[in-house]
Every structure is written in structure tokens, then in C-alpha cells.
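Asker: Quick one: the structure is below, questions incoming.
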Amino acid sequence: MTIKPYPLHFKPEFKERVWGGRALEQFGFDVPEGHIGEGWMIADHANGVSHVLNGELAGQGLDQIREKLGDDWFGSAGSKSGNGRFPLLIKLLDCNDDLSVQVHPNDSYAGLPKGELGKTEMWYVLDAKPGAKIIYGLQPGVTRESFAAAIEENRIMDTLQEVSVQAGDTFYIPAGTVHALCAGVLVAEIQQNSDTTYRLYDYDRPGLDGKPRELHIEDSLNVTAYEGAGATRMKTDGAKPNEWLTLAESPYFITDKGVVNGSWKQETSPESFDIVIVAEGTGSIGWGSDRIGAKAGDCFLLPAPLGAYTLEGSLTVLRSRVPSSK
């Protein structure tokens with residue numbers, strides 16, 4: 001049976017987190033009870049799979065689609081992830097409280113769990129309350145030895161850089177970058193398909209089970225890039241209508257921001273699918289004679305063989321692709 005390519009819209013897989021809240025309800029999702037910190041919007045991982053809501057593949061998980069159609073639908077680069085799964089994991093994060101101070105390994109770290117990849121990621125800030133901030137990297141001059149001493153002496157916060165954030169800010173976070181989202185921010189996260197996080201500090205708070213959450217000090221010290229890993233940040237309010245503004249380029253994804261005003265023609269490439277995240281506004285995605293509505297919070301996977309499509313309406317979108325060199 002041949003299935004004609006079309007934009008896939010998924011039902012998110014929601015995750016309760018000690019730092020989560022209820023902000024994802026604003027996008028019209030059926031959010032379960034509890035402190036919901038993460039919506040896994042496009043996910044093909046052992047810890048969570050998103051399922052298609054629309055079209056001929058409705059009800060099927062991204063893992064099933066990958067097994068049946070991945071080589072054809074994901075593109076020559078997009079079908080090669082390093083662990084056999086879909087290469088990216090797309091999330092929306094509601095930070096009602098501070099996340100743990102953490103760091104992620106790269107693909108070559110010997111301590112990776114079996115079947116896991118490293119984790120390079122990026123954030124696009126969808127909303128930020130006044131005074132909101134994040135932790136983004138180490139203070140200049142911090143070494144493994146001085147970092148270890150600060151952790152031991154419970155003064156880790158003195159070694160970290162804090163950055164104020166506003167809606168529209170973007171942060172590229174290569175593996176090895178110490179970081180933490182803090183209370184009052186809502187972000188879209190594009191990352192390698194990995195769920196490996198090493199915690200350095202968690203504010204001595206209990207987890208959802210009432211017990212302190214595990215820390216991973218030795219692994220964290222091993223994978224931290226003390227001289228920097230190439231993290232970059234930028235304001236994006238200079239994005240011009242119907243022009244792509246590149247936010248992040250990595251071996252794993254290239255992400256651009258686009259402000260759609262009216263009708264904007266696009267095209268997938270044979271190398272990669274397109275992932276389109278709607279950051280704000282309303283409109284639609286058209287292909288052939290078909291069309292699907294698009295609103296803030298929606299995330300779509302456009303298969304590589306889809307070809308020409310059109311973004312329409314008044315929208316701010318993020319587009320992510322896998323680079324052909326990967």
C-alpha cells in the first residue's frame with residue numbers, strides 16, 4: 001500500500017515534572033492533571049512516543065511510521081540518526097519552577113546508557129514572565145577542579161552564568177554546556193533524540209515521589225565542556241516577513257525562524273523532512289489541493305517527499321531540518 005505524503009500532526013505525550021505547571025493548556029491541548037512540564041510533540045523514544053492525529057496514518061505512533069516509511073519519508077539524511085530512531089525530539093516546556101542545573105553528554109561519551117545518543121539542543125522562548133532568567137554556561141575561568149570544589153562546598157551557583165530572557169530569545173546548547181531553565185519561561189525545544197540528562201544541583205527539593213532526585217556529579221564533571229562547547233544565543237525580533245532567520249546550526253539540526261505574512265511557498269528537500277513549530281498566530285499549511293489548520297503550539301512533521309507546500313496566514317514558525325552532511 002502506497003501512502004501519499006502529507007503533513008503529520010501528532011497528539012503530544014505529556015510528562016509530569018516537579019517543576020511543571022499548567023501553561024500548556026493555553027494551546028488547547030488536553031493536558032492531564034498534575035505538574036505537567038513537558039509535551040513531547042514529535043517523539044520516537046523508549047520513554048515516549050507521539051501518535052498521529054490526522055489523515056491516513058491517524059492513530060499510529062512515530063515509531064511505527066519510522067519502521068514502515070522512515071527511509072522514504074525522512075530523507076537521505078533524516079533517516080540516519082545513529083540509534084535507528086527518528087533523529088530529533090521536539091518538546092514544549094512549561095517551567096513553573098526552576099529546572100535542575102544540568103549538562104548533557106555528547107555521542108562519544110563512554111557512560112551513555114545503551115541505545116542512547118548524546119544531547120545537543122536549542123531553546124526558543126515562547127513566553128517569559130517579567131524578570132525571568134535561565135542559567136547558561138559557566139563563569140569564565142571555571143575548571144573541573146574549581147567546579148568540583150564548588151559543588152562539594154554547596155556554592156555551585158557562584159560558578160554559573162545567569163541570563164535574563166524575553167519571548168523570542170533563542171539559545172543553542174551543544175552537549176557539554178551547563179544550563180537550566182528557570183521559573184516563568186515557556187519554550188520550544190529542538191534536540192537530538194535523547195533523554196539523557198546529568199543533574200548537578202536540584203535546590204535540595206523533593207521530587208514527585210517526595211524523595212530527593214538523583215544527582216550525577218561524576219558524569220557531569222566528565223562531560224562538561226570547561227572551555228565552552230560553542231553555545232550561542234540571539235534576539236530574533238529582527239526577523240523579516242517571509243524570510244528565514246537562522247537560529248541554530250549543528251550537525252544534528254538546522255533551525256530557522258520565519259514570520260509568515262500572507263502566503264509563503266516552501267519545499268521539502270530529498271535530504272530531510274521539515275519540522276514546523278507554530279510559535280504564535282494562526283493560519284494553515286497547504287500542499288497540493290489539501291490544507292491543514294495551524295495555530296500556536298502546533299507541531300508538524302512534513303515528509304521529505306512532500307515537495308512543495310505553502311505556509312499561509314499570520315504566523316511565526318520555527319522550521320527544523322537535518323543537515324545533509326549528517
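The way I read the labels, and the way they are meant: chains A, B, ... in the order of the C-alpha cells, residue 1 as the first residue of every chain, and ligand 1 as the first ligand shown, with later ones counted on from there.
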Mind checking DSSP for region 188-293 of chain A and telling me the alpha helix (DSSP H) residues as a list in words?

Answerer: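 Output for region 188-293 of chain A, alpha helix (DSSP H) only: Ile217, Glu218, Asp219, Ser220, Leu221, Asn222 and Val223 of chain A.
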
Asker: Given the selection you just returned, output its residues as a file containing C-alpha atoms, formatted as an mmCIF file, in the first residue's frame.

Answerer:
data_model
loop_
_atom_site.group_PDB
_atom_site.id
_atom_site.type_symbol
_atom_site.label_atom_id
_atom_site.label_comp_id
_atom_site.auth_asym_id
_atom_site.auth_seq_id
_atom_site.Cartn_x
_atom_site.Cartn_y
_atom_site.Cartn_z
ATOM 1 C CA ILE A 217 28.124 14.573 39.781
ATOM 2 C CA GLU A 218 30.902 12.405 38.336
ATOM 3 C CA ASP A 219 29.236 12.038 34.939
ATOM 4 C CA SER A 220 28.521 15.769 34.891
ATOM 5 C CA LEU A 221 32.131 16.662 35.680
ATOM 6 C CA ASN A 222 33.264 14.263 32.947
ATOM 7 C CA VAL A 223 31.101 15.683 30.151
#

Asker: Please list as a PyMOL selection string every residue within 7 Å of Ala77 (chain A), counting only C-alpha atoms and excluding residues in the same chain fewer than 2 positions away.

Answerer: chain A and resi 75+79-80+271-272+322-324+326

Asker: Can those selected residues be exported to a file as a CSV table (one decimal), in the first residue's frame so that it contains N, CA and C atoms?

Answerer:
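Output file result29.csv is given in full below:
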chain,number,residue,atom,x,y,z
A,75,GLY,N,14.0,11.2,4.5
A,75,GLY,CA,15.1,11.7,3.7
A,75,GLY,C,16.4,11.0,3.8
A,79,SER,N,16.9,10.0,7.8
A,79,SER,CA,16.6,8.6,8.2
A,79,SER,C,17.8,8.0,8.9
A,80,LYS,N,18.9,8.8,9.1
A,80,LYS,CA,20.1,8.3,9.8
A,80,LYS,C,20.3,9.1,11.1
A,271,GLU,N,16.8,15.4,1.1
A,271,GLU,CA,17.7,15.0,2.2
A,271,GLU,C,17.0,15.0,3.6
A,272,SER,N,16.0,15.7,3.8
A,272,SER,CA,15.4,15.8,5.1
A,272,SER,C,13.9,16.2,5.1
A,322,VAL,N,17.4,18.3,9.2
A,322,VAL,CA,18.6,17.6,9.4
A,322,VAL,C,19.6,18.0,8.3
A,323,PRO,N,20.8,18.5,8.6
A,323,PRO,CA,21.7,18.9,7.6
A,323,PRO,C,22.2,17.7,6.7
A,324,SER,N,22.4,17.9,5.5
A,324,SER,CA,22.8,16.8,4.5
A,324,SER,C,24.1,16.2,4.9
A,326,LYS,N,25.1,15.3,7.8
A,326,LYS,CA,25.0,14.4,9.0
A,326,LYS,C,25.0,13.0,8.5

Asker: Quick one: residues within 7 Å of region 312-321 of chain A, only C-alpha atoms, excluding same-chain residues fewer than 3 positions away - as a ChimeraX atom specification?

Answerer: /A:253-264,272-285

Asker: Could you save those same residues with N, CA and C atoms as an mmCIF file, in the first residue's frame?

Answerer:
data_model
loop_
_atom_site.group_PDB
_atom_site.id
_atom_site.type_symbol
_atom_site.label_atom_id
_atom_site.label_comp_id
_atom_site.auth_asym_id
_atom_site.auth_seq_id
_atom_site.Cartn_x
_atom_site.Cartn_y
_atom_site.Cartn_z
ATOM 1 N N PHE A 253 20.770 19.338 13.586
ATOM 2 C CA PHE A 253 19.617 20.089 13.100
ATOM 3 C C PHE A 253 20.036 21.498 12.711
ATOM 4 N N ILE A 254 19.289 22.054 11.779
ATOM 5 C CA ILE A 254 19.367 23.475 11.441
ATOM 6 C C ILE A 254 17.972 24.035 11.669
ATOM 7 N N THR A 255 17.872 25.080 12.468
ATOM 8 C CA THR A 255 16.570 25.660 12.794
ATOM 9 C C THR A 255 16.526 27.121 12.386
ATOM 10 N N ASP A 256 15.458 27.485 11.685
ATOM 11 C CA ASP A 256 15.229 28.848 11.221
ATOM 12 C C ASP A 256 13.905 29.361 11.776
ATOM 13 N N LYS A 257 13.820 30.675 11.894
ATOM 14 C CA LYS A 257 12.566 31.330 12.276
ATOM 15 C C LYS A 257 12.003 32.061 11.072
ATOM 16 N N GLY A 258 10.696 31.948 10.897
ATOM 17 C CA GLY A 258 10.039 32.657 9.812
ATOM 18 C C GLY A 258 8.773 33.341 10.294
ATOM 19 N N VAL A 259 8.566 34.570 9.854
ATOM 20 C CA VAL A 259 7.337 35.316 10.139
ATOM 21 C C VAL A 259 6.498 35.288 8.870
ATOM 22 N N VAL A 260 5.389 34.573 8.920
ATOM 23 C CA VAL A 260 4.547 34.382 7.747
ATOM 24 C C VAL A 260 3.526 35.513 7.678
ATOM 25 N N ASN A 261 3.509 36.186 6.561
ATOM 26 C CA ASN A 261 2.549 37.270 6.342
ATOM 27 C C ASN A 261 1.893 37.046 4.992
ATOM 28 N N GLY A 262 0.731 36.383 5.019
ATOM 29 C CA GLY A 262 0.050 36.068 3.774
ATOM 30 C C GLY A 262 0.336 34.650 3.339
ATOM 31 N N SER A 263 0.946 34.514 2.168
ATOM 32 C CA SER A 263 1.224 33.196 1.596
ATOM 33 C C SER A 263 2.712 33.095 1.285
ATOM 34 N N TRP A 264 3.346 32.005 1.739
ATOM 35 C CA TRP A 264 4.795 31.851 1.599
ATOM 36 C C TRP A 264 5.081 30.433 1.121
ATOM 37 N N SER A 272 15.962 15.748 3.769
ATOM 38 C CA SER A 272 15.376 15.827 5.101
ATOM 39 C C SER A 272 13.906 16.205 5.058
ATOM 40 N N PHE A 273 13.198 15.700 6.051
ATOM 41 C CA PHE A 273 11.878 16.210 6.409
ATOM 42 C C PHE A 273 11.994 17.663 6.847
ATOM 43 N N ASP A 274 10.875 18.368 6.942
ATOM 44 C CA ASP A 274 10.776 19.655 7.631
ATOM 45 C C ASP A 274 9.925 19.463 8.871
ATOM 46 N N ILE A 275 10.366 19.994 9.988
ATOM 47 C CA ILE A 275 9.517 20.118 11.172
ATOM 48 C C ILE A 275 9.120 21.582 11.296
ATOM 49 N N VAL A 276 7.831 21.825 11.400
ATOM 50 C CA VAL A 276 7.315 23.187 11.540
ATOM 51 C C VAL A 276 6.628 23.305 12.898
ATOM 52 N N ILE A 277 7.133 24.202 13.723
ATOM 53 C CA ILE A 277 6.551 24.520 15.026
ATOM 54 C C ILE A 277 5.920 25.897 14.927
ATOM 55 N N VAL A 278 4.648 26.006 15.282
ATOM 56 C CA VAL A 278 3.978 27.307 15.248
ATOM 57 C C VAL A 278 4.178 27.979 16.603
ATOM 58 N N ALA A 279 4.951 29.056 16.612
ATOM 59 C CA ALA A 279 5.245 29.764 17.855
ATOM 60 C C ALA A 279 4.121 30.721 18.250
ATOM 61 N N GLU A 280 3.487 31.325 17.265
ATOM 62 C CA GLU A 280 2.348 32.211 17.550
ATOM 63 C C GLU A 280 1.549 32.429 16.275
ATOM 64 N N GLY A 281 0.311 32.884 16.457
ATOM 65 C CA GLY A 281 -0.544 33.205 15.329
ATOM 66 C C GLY A 281 -1.408 32.045 14.882
ATOM 67 N N THR A 282 -2.124 32.275 13.776
ATOM 68 C CA THR A 282 -2.982 31.252 13.181
ATOM 69 C C THR A 282 -2.841 31.287 11.667
ATOM 70 N N GLY A 283 -3.109 30.160 11.054
ATOM 71 C CA GLY A 283 -3.027 30.060 9.601
ATOM 72 C C GLY A 283 -3.204 28.627 9.166
ATOM 73 N N SER A 284 -2.453 28.224 8.151
ATOM 74 C CA SER A 284 -2.600 26.873 7.628
ATOM 75 C C SER A 284 -1.337 26.469 6.879
ATOM 76 N N ILE A 285 -1.250 25.160 6.621
ATOM 77 C CA ILE A 285 -0.234 24.602 5.725
ATOM 78 C C ILE A 285 -0.973 23.967 4.565
#

Asker: Please, which residues of region 3-218 of chain A, numbered as in this document, come out strand (DSSP E or B) from DSSP, as a PyMOL selection string?

Answerer: chain A and resi 8-11+13-21+36-42+44-45+48-49+51-52+61+88-95+101-103+121-128+133-138+160-164+170-173+179-181+185-192+198-201+206+212

Asker: For those residues, write C-alpha atoms to a file as a CSV table (one decimal), in the first residue's frame.

Answerer:
chain,number,residue,atom,x,y,z
A,8,LEU,CA,1.7,14.8,10.1
A,9,HIS,CA,0.1,16.4,13.2
A,10,PHE,CA,0.7,14.5,16.5
A,11,LYS,CA,-1.0,14.1,19.8
A,13,GLU,CA,3.0,12.7,25.0
A,14,PHE,CA,2.8,14.7,28.3
A,15,LYS,CA,5.3,14.4,31.2
A,16,GLU,CA,4.7,15.3,34.8
A,17,ARG,CA,7.8,17.1,36.3
A,18,VAL,CA,8.3,18.6,39.7
A,19,TRP,CA,9.0,22.0,38.1
A,20,GLY,CA,6.0,21.8,35.7
A,21,GLY,CA,2.7,23.7,35.7
A,36,ILE,CA,2.9,19.0,33.5
A,37,GLY,CA,6.4,20.2,32.5
A,38,GLU,CA,6.9,18.7,29.1
A,39,GLY,CA,4.8,18.0,26.0
A,40,TRP,CA,6.7,15.6,23.7
A,41,MET,CA,5.3,16.9,20.5
A,42,ILE,CA,7.2,14.8,17.9
A,44,ASP,CA,10.1,8.4,18.9
A,45,HIS,CA,11.8,7.3,22.1
A,48,GLY,CA,7.7,8.4,24.9
A,49,VAL,CA,6.1,8.2,21.5
A,51,HIS,CA,0.8,9.4,17.8
A,52,VAL,CA,-0.7,10.9,14.6
A,61,GLY,CA,3.0,6.1,16.6
A,88,LEU,CA,15.0,14.6,16.6
A,89,LEU,CA,12.8,15.1,19.7
A,90,ILE,CA,10.5,18.1,19.7
A,91,LYS,CA,9.2,19.4,23.0
A,92,LEU,CA,7.2,22.3,24.6
A,93,LEU,CA,8.4,23.0,28.1
A,94,ASP,CA,6.4,24.8,30.9
A,95,CYS,CA,8.8,25.9,33.6
A,101,VAL,CA,21.2,22.6,36.9
A,102,GLN,CA,22.3,20.0,34.3
A,103,VAL,CA,24.5,19.1,31.5
A,121,GLU,CA,19.6,21.0,21.8
A,122,MET,CA,18.2,24.5,21.4
A,123,TRP,CA,15.5,26.6,23.0
A,124,TYR,CA,13.2,29.2,21.5
A,125,VAL,CA,11.5,31.3,24.2
A,126,LEU,CA,7.7,31.4,23.5
A,127,ASP,CA,6.9,33.4,26.6
A,128,ALA,CA,8.7,34.8,29.6
A,133,LYS,CA,16.1,34.1,33.6
A,134,ILE,CA,18.0,31.0,32.7
A,135,ILE,CA,21.4,29.5,33.6
A,136,TYR,CA,23.6,29.4,30.6
A,137,GLY,CA,27.2,28.2,30.9
A,138,LEU,CA,29.9,28.6,33.4
A,160,LEU,CA,27.2,29.7,36.8
A,161,GLN,CA,26.1,32.5,34.4
A,162,GLU,CA,22.5,33.8,34.7
A,163,VAL,CA,20.9,35.4,31.6
A,164,SER,CA,17.6,37.4,31.6
A,170,THR,CA,16.9,31.7,21.3
A,171,PHE,CA,19.7,29.6,22.8
A,172,TYR,CA,21.8,27.0,21.2
A,173,ILE,CA,23.0,24.4,23.8
A,179,HIS,CA,22.4,25.0,31.8
A,180,ALA,CA,19.0,25.3,33.4
A,181,LEU,CA,15.7,26.8,32.5
A,185,VAL,CA,9.5,30.6,30.9
A,186,LEU,CA,7.7,28.6,28.2
A,187,VAL,CA,10.0,27.3,25.5
A,188,ALA,CA,10.1,25.2,22.4
A,189,GLU,CA,13.0,22.7,22.4
A,190,ILE,CA,14.6,21.1,19.4
A,191,GLN,CA,17.1,18.4,20.4
A,192,GLN,CA,18.8,15.2,19.5
A,198,TYR,CA,23.0,14.6,34.2
A,199,ARG,CA,22.0,16.7,37.2
A,200,LEU,CA,24.5,18.8,39.1
A,201,TYR,CA,22.2,20.6,41.5
A,206,PRO,CA,12.0,16.6,46.8
A,212,PRO,CA,15.4,13.9,46.6

Asker: Return the single residue from A:Leu245, A:Phe29, A:Ala23, A:Gly55 that is closest to Ile292 (chain A), with distances computed using only C-alpha atoms.

Answerer: A:Gly55

Asker: By how many Å are CA of Tyr252 (chain A) and CA of Asn54 (chain A) apart?

Answerer: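 CA of Asn54 (chain A) lies at a distance of 27.2 Å from CA of Tyr252 (chain A).
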
Asker: May I ask which of the residues A:Gln266, A:Ser250, A:Thr159, A:Ser100 is the closest one to Thr310 (chain A), counting only C-alpha atoms?

Answerer: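 With only C-alpha atoms as the atom set, the closest residue is A:Gln266.
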